[in-house]
Amino acid sequence: MTTDPTIAVVDYAAAAIDRTLVILAPVDRVWETITQPDLIAEWFGDSATIDALEPGAGGSITWDDRGTCAILVDEVDEPSVFAFRWGPSDLAVTAQNSTLVRFTLEEMRGGTQLSVVETGFADAYPDHEVMTAELDEHASGWNSRLDELAELLEKQDSQ
């Protein structure tokens, strides 16, 4: 399991979520697992597509029990930064109807420090109660999904 048991922190005033953990796997493996659709489907959704690893590329993440979210790649700086916006699959993803997820990877002795920050909730969910519920739901999701990511990578690297 990850060496850093921190959980996602919700900043309600900034309408943002932040989680940082150390994964006992090399940075190139972490990068691959957060950017390659077939690997994303192993820890984050049931299926995923990304048209290209470049800003402006589209894609989607699908959960069999929750539906599909459209994604729009926002930033790529291999192997240190990957960011995308995600929002309703029936709309073109914009800053007003989506949140921005930014992964930052930093190589460390014995592993990778991964920080995930999700912002944009205030624009995507202008109703305060809805925004608060979405922040809580996404924070819970990042806790479980990032734990799954760490377990997947650490299991693979220990074999």
# chains A, B, ... in the order shown; residues from 1 in each chain; ligands from 1
call {"tool": "select_by_dssp", "arguments": {"residues": "chain A", "states": "alpha helix (DSSP H)", "output": "PyMOL selection string"}}
result
chain A and resi 27-35+37-43+121-124+128-158
call {"tool": "write_last_selection", "arguments": {"atoms": "C-alpha atoms", "output": "mmCIF file, in the first residue's frame"}}
result
data_model
loop_
_atom_site.group_PDB
_atom_site.id
_atom_site.type_symbol
_atom_site.label_atom_id
_atom_site.label_comp_id
_atom_site.auth_asym_id
_atom_site.auth_seq_id
_atom_site.Cartn_x
_atom_site.Cartn_y
_atom_site.Cartn_z
ATOM 1 C CA VAL A 27 7.462 7.783 -12.343
ATOM 2 C CA ASP A 28 7.303 6.363 -15.881
ATOM 3 C CA ARG A 29 4.959 3.573 -14.734
ATOM 4 C CA VAL A 30 2.735 6.032 -12.878
ATOM 5 C CA TRP A 31 2.663 8.301 -15.942
ATOM 6 C CA GLU A 32 1.710 5.432 -18.220
ATOM 7 C CA THR A 33 -1.048 4.265 -15.880
ATOM 8 C CA ILE A 34 -2.694 7.707 -15.641
ATOM 9 C CA THR A 35 -2.473 8.501 -19.379
ATOM 10 C CA PRO A 37 -6.762 4.408 -21.744
ATOM 11 C CA ASP A 38 -6.407 0.640 -21.245
ATOM 12 C CA LEU A 39 -4.545 1.253 -17.975
ATOM 13 C CA ILE A 40 -6.916 4.015 -16.830
ATOM 14 C CA ALA A 41 -9.689 1.408 -17.105
ATOM 15 C CA GLU A 42 -7.850 -0.768 -14.569
ATOM 16 C CA TRP A 43 -8.106 1.752 -11.729
ATOM 17 C CA PHE A 121 -16.465 23.296 -8.987
ATOM 18 C CA ALA A 122 -17.790 26.828 -8.450
ATOM 19 C CA ASP A 123 -18.235 27.363 -12.205
ATOM 20 C CA ALA A 124 -19.491 23.862 -12.974
ATOM 21 C CA HIS A 128 -23.754 26.022 -3.408
ATOM 22 C CA GLU A 129 -25.474 22.898 -2.068
ATOM 23 C CA VAL A 130 -24.899 20.993 -5.301
ATOM 24 C CA MET A 131 -21.287 22.169 -5.398
ATOM 25 C CA THR A 132 -20.694 21.011 -1.812
ATOM 26 C CA ALA A 133 -22.200 17.604 -2.558
ATOM 27 C CA GLU A 134 -20.057 17.270 -5.697
ATOM 28 C CA LEU A 135 -16.908 18.229 -3.781
ATOM 29 C CA ASP A 136 -17.654 15.571 -1.166
ATOM 30 C CA GLU A 137 -18.470 12.922 -3.768
ATOM 31 C CA HIS A 138 -15.360 13.645 -5.837
ATOM 32 C CA ALA A 139 -13.125 13.663 -2.733
ATOM 33 C CA SER A 140 -14.451 10.245 -1.777
ATOM 34 C CA GLY A 141 -13.866 9.060 -5.323
ATOM 35 C CA TRP A 142 -10.274 10.310 -5.381
ATOM 36 C CA ASN A 143 -9.608 8.541 -2.094
ATOM 37 C CA SER A 144 -10.757 5.160 -3.379
ATOM 38 C CA ARG A 145 -9.489 5.500 -6.954
ATOM 39 C CA LEU A 146 -6.024 6.734 -6.021
ATOM 40 C CA ASP A 147 -5.738 3.924 -3.479
ATOM 41 C CA GLU A 148 -6.622 1.532 -6.322
ATOM 42 C CA LEU A 149 -3.981 3.164 -8.530
ATOM 43 C CA ALA A 150 -1.307 2.779 -5.837
ATOM 44 C CA GLU A 151 -2.263 -0.850 -5.180
ATOM 45 C CA LEU A 152 -2.216 -1.678 -8.897
ATOM 46 C CA LEU A 153 1.203 -0.107 -9.474
ATOM 47 C CA GLU A 154 2.795 -1.414 -6.304
ATOM 48 C CA LYS A 155 1.504 -4.933 -6.978
ATOM 49 C CA GLN A 156 2.900 -4.836 -10.523
ATOM 50 C CA ASP A 157 6.281 -3.525 -9.397
ATOM 51 C CA SER A 158 6.629 -6.139 -6.640
#
call {"tool": "residues_around", "arguments": {"residues": "region 56-63 of chain A", "least_positions_apart": "6", "cutoff": "6 Å", "atoms": "only C-alpha atoms", "output": "PyMOL selection string"}}
result
chain A and resi 45-50+69-73
call {"tool": "closest_residue", "arguments": {"among": "A:Ser98, A:Met108, A:Asp90, A:Asp51", "to": "Gln36 (chain A)", "atoms": "only C-alpha atoms"}}
result
A:Asp51
call {"tool": "residues_around", "arguments": {"residues": "Gln113 (chain A)", "least_positions_apart": "6", "cutoff": "8 Å", "atoms": "only C-alpha atoms", "output": "PDB file with N, CA and C atoms, in the first residue's frame"}}
result
ATOM      1  N   THR A  20      -2.339  14.188  -2.145  1.00  0.00           N
ATOM      2  CA  THR A  20      -0.965  13.847  -2.477  1.00  0.00           C
ATOM      3  C   THR A  20      -0.627  12.537  -1.791  1.00  0.00           C
ATOM      4  N   LEU A  21      -0.002  11.638  -2.541  1.00  0.00           N
ATOM      5  CA  LEU A  21       0.423  10.368  -1.973  1.00  0.00           C
ATOM      6  C   LEU A  21       1.718   9.936  -2.639  1.00  0.00           C
ATOM      7  N   VAL A  22       2.419   9.043  -1.979  1.00  0.00           N
ATOM      8  CA  VAL A  22       3.627   8.464  -2.536  1.00  0.00           C
ATOM      9  C   VAL A  22       3.296   7.047  -2.972  1.00  0.00           C
ATOM     10  N   ILE A  23       3.601   6.768  -4.228  1.00  0.00           N
ATOM     11  CA  ILE A  23       3.368   5.444  -4.791  1.00  0.00           C
ATOM     12  C   ILE A  23       4.726   4.781  -4.996  1.00  0.00           C
ATOM     13  N   LEU A 105       3.425  14.690 -11.076  1.00  0.00           N
ATOM     14  CA  LEU A 105       4.267  13.574 -10.659  1.00  0.00           C
ATOM     15  C   LEU A 105       5.670  14.077 -10.372  1.00  0.00           C
ATOM     16  N   GLU A 106       6.232  13.608  -9.279  1.00  0.00           N
ATOM     17  CA  GLU A 106       7.598  13.967  -8.919  1.00  0.00           C
ATOM     18  C   GLU A 106       8.329  12.703  -8.502  1.00  0.00           C
ATOM     19  N   GLU A 107       9.445  12.444  -9.187  1.00  0.00           N
ATOM     20  CA  GLU A 107      10.235  11.265  -8.869  1.00  0.00           C
ATOM     21  C   GLU A 107      10.867  11.431  -7.491  1.00  0.00           C
TER      22      GLU A 107
END
call {"tool": "select_by_dssp", "arguments": {"residues": "region 23-140 of chain A", "states": "strand (DSSP E)", "output": "ChimeraX atom specification"}}
result
/A:23,47-50,58-63,67-77,81-88,99-108,111-119
call {"tool": "write_last_selection", "arguments": {"atoms": "N, CA and C atoms", "output": "compact mmCIF listing (two decimals), in the first residue's frame"}}
result
# COMPACT_ATOMS: atom_id res chain seq x y z
N ILE A 23 3.60 6.77 -4.23
CA ILE A 23 3.37 5.44 -4.79
C ILE A 23 4.73 4.78 -5.00
N SER A 47 -14.02 1.82 -18.70
CA SER A 47 -13.36 1.99 -20.00
C SER A 47 -13.00 3.46 -20.15
N ALA A 48 -12.03 3.71 -21.02
CA ALA A 48 -11.58 5.09 -21.24
C ALA A 48 -11.06 5.23 -22.66
N THR A 49 -11.16 6.45 -23.17
CA THR A 49 -10.55 6.79 -24.46
C THR A 49 -9.87 8.14 -24.31
N ILE A 50 -8.77 8.29 -24.99
CA ILE A 50 -8.10 9.59 -25.13
C ILE A 50 -7.62 9.63 -26.58
N GLY A 58 -9.80 15.08 -27.25
CA GLY A 58 -10.99 14.64 -26.53
C GLY A 58 -10.85 13.21 -26.06
N GLY A 59 -11.89 12.75 -25.42
CA GLY A 59 -11.94 11.38 -24.94
C GLY A 59 -13.11 11.20 -24.00
N SER A 60 -13.10 10.08 -23.29
CA SER A 60 -14.17 9.82 -22.34
C SER A 60 -13.72 8.80 -21.31
N ILE A 61 -14.41 8.81 -20.19
CA ILE A 61 -14.25 7.80 -19.16
C ILE A 61 -15.66 7.30 -18.85
N THR A 62 -15.83 5.97 -18.86
CA THR A 62 -17.14 5.37 -18.64
C THR A 62 -17.10 4.44 -17.44
N TRP A 63 -18.14 4.55 -16.62
CA TRP A 63 -18.39 3.63 -15.52
C TRP A 63 -19.67 2.90 -15.87
N GLY A 67 -22.39 5.82 -15.98
CA GLY A 67 -22.44 6.52 -17.26
C GLY A 67 -21.07 7.02 -17.70
N THR A 68 -21.10 7.96 -18.64
CA THR A 68 -19.89 8.44 -19.29
C THR A 68 -19.67 9.92 -19.02
N CYS A 69 -18.41 10.29 -18.82
CA CYS A 69 -18.00 11.69 -18.74
C CYS A 69 -17.10 11.97 -19.94
N ALA A 70 -17.36 13.08 -20.59
CA ALA A 70 -16.47 13.52 -21.66
C ALA A 70 -15.24 14.15 -21.04
N ILE A 71 -14.08 13.98 -21.69
CA ILE A 71 -12.87 14.65 -21.20
C ILE A 71 -12.25 15.45 -22.33
N LEU A 72 -11.51 16.47 -21.92
CA LEU A 72 -10.77 17.32 -22.84
C LEU A 72 -9.39 17.51 -22.24
N VAL A 73 -8.36 17.01 -22.93
CA VAL A 73 -7.00 17.14 -22.42
C VAL A 73 -6.62 18.61 -22.37
N ASP A 74 -6.11 19.04 -21.22
CA ASP A 74 -5.78 20.44 -21.00
C ASP A 74 -4.27 20.70 -21.00
N GLU A 75 -3.50 19.78 -20.45
CA GLU A 75 -2.05 20.01 -20.31
C GLU A 75 -1.33 18.67 -20.31
N VAL A 76 -0.21 18.60 -21.03
CA VAL A 76 0.63 17.41 -21.06
C VAL A 76 2.07 17.86 -21.01
N ASP A 77 2.79 17.42 -19.98
CA ASP A 77 4.22 17.66 -19.86
C ASP A 77 4.83 16.36 -19.32
N VAL A 81 3.33 16.31 -15.70
CA VAL A 81 2.01 16.93 -15.55
C VAL A 81 1.06 16.39 -16.62
N PHE A 82 -0.11 15.97 -16.17
CA PHE A 82 -1.20 15.58 -17.06
C PHE A 82 -2.47 16.19 -16.48
N ALA A 83 -3.20 16.93 -17.30
CA ALA A 83 -4.44 17.56 -16.82
C ALA A 83 -5.53 17.42 -17.87
N PHE A 84 -6.75 17.25 -17.37
CA PHE A 84 -7.90 17.19 -18.27
C PHE A 84 -9.10 17.80 -17.58
N ARG A 85 -10.03 18.27 -18.40
CA ARG A 85 -11.34 18.70 -17.91
C ARG A 85 -12.28 17.55 -18.16
N TRP A 86 -13.28 17.42 -17.28
CA TRP A 86 -14.30 16.40 -17.50
C TRP A 86 -15.65 16.96 -17.13
N GLY A 87 -16.63 16.53 -17.91
CA GLY A 87 -17.98 17.03 -17.70
C GLY A 87 -18.99 16.13 -18.38
N PRO A 88 -20.20 16.61 -18.51
CA PRO A 88 -21.29 15.80 -19.08
C PRO A 88 -20.95 15.32 -20.49
N THR A 99 -14.95 20.30 -14.49
CA THR A 99 -13.89 20.57 -13.52
C THR A 99 -12.56 20.17 -14.15
N LEU A 100 -11.48 20.73 -13.62
CA LEU A 100 -10.14 20.48 -14.12
C LEU A 100 -9.42 19.57 -13.14
N VAL A 101 -8.93 18.44 -13.64
CA VAL A 101 -8.15 17.49 -12.84
C VAL A 101 -6.71 17.60 -13.30
N ARG A 102 -5.81 17.88 -12.35
CA ARG A 102 -4.39 18.05 -12.69
C ARG A 102 -3.55 17.09 -11.85
N PHE A 103 -2.86 16.18 -12.54
CA PHE A 103 -1.94 15.24 -11.92
C PHE A 103 -0.53 15.81 -12.03
N THR A 104 0.19 15.85 -10.93
CA THR A 104 1.59 16.26 -10.93
C THR A 104 2.41 15.12 -10.34
N LEU A 105 3.43 14.69 -11.08
CA LEU A 105 4.27 13.57 -10.66
C LEU A 105 5.67 14.08 -10.37
N GLU A 106 6.23 13.61 -9.28
CA GLU A 106 7.60 13.97 -8.92
C GLU A 106 8.33 12.70 -8.50
N GLU A 107 9.45 12.44 -9.19
CA GLU A 107 10.24 11.26 -8.87
C GLU A 107 10.87 11.43 -7.49
N MET A 108 10.80 10.36 -6.72
CA MET A 108 11.40 10.34 -5.39
C MET A 108 12.18 9.03 -5.27
N GLY A 111 10.18 5.73 -5.45
CA GLY A 111 8.80 5.87 -5.90
C GLY A 111 8.49 7.19 -6.56
N THR A 112 7.22 7.52 -6.53
CA THR A 112 6.71 8.73 -7.17
C THR A 112 5.74 9.43 -6.23
N GLN A 113 5.95 10.73 -6.06
CA GLN A 113 4.94 11.53 -5.35
C GLN A 113 3.94 11.99 -6.39
N LEU A 114 2.68 11.65 -6.17
CA LEU A 114 1.60 12.02 -7.07
C LEU A 114 0.67 12.97 -6.34
N SER A 115 0.46 14.13 -6.94
CA SER A 115 -0.52 15.09 -6.42
C SER A 115 -1.64 15.23 -7.45
N VAL A 116 -2.87 15.19 -6.95
CA VAL A 116 -4.03 15.37 -7.80
C VAL A 116 -4.83 16.53 -7.23
N VAL A 117 -5.08 17.53 -8.06
CA VAL A 117 -5.86 18.68 -7.65
C VAL A 117 -7.02 18.82 -8.64
N GLU A 118 -8.23 18.91 -8.10
CA GLU A 118 -9.41 19.11 -8.95
C GLU A 118 -10.03 20.45 -8.57
N THR A 119 -10.21 21.31 -9.57
CA THR A 119 -10.74 22.66 -9.37
C THR A 119 -11.88 22.91 -10.36
call {"tool": "atom_distance", "arguments": {"atom1": "CA of Ile7 (chain A)", "atom2": "CA of Arg19 (chain A)"}}
result
6.1 Å
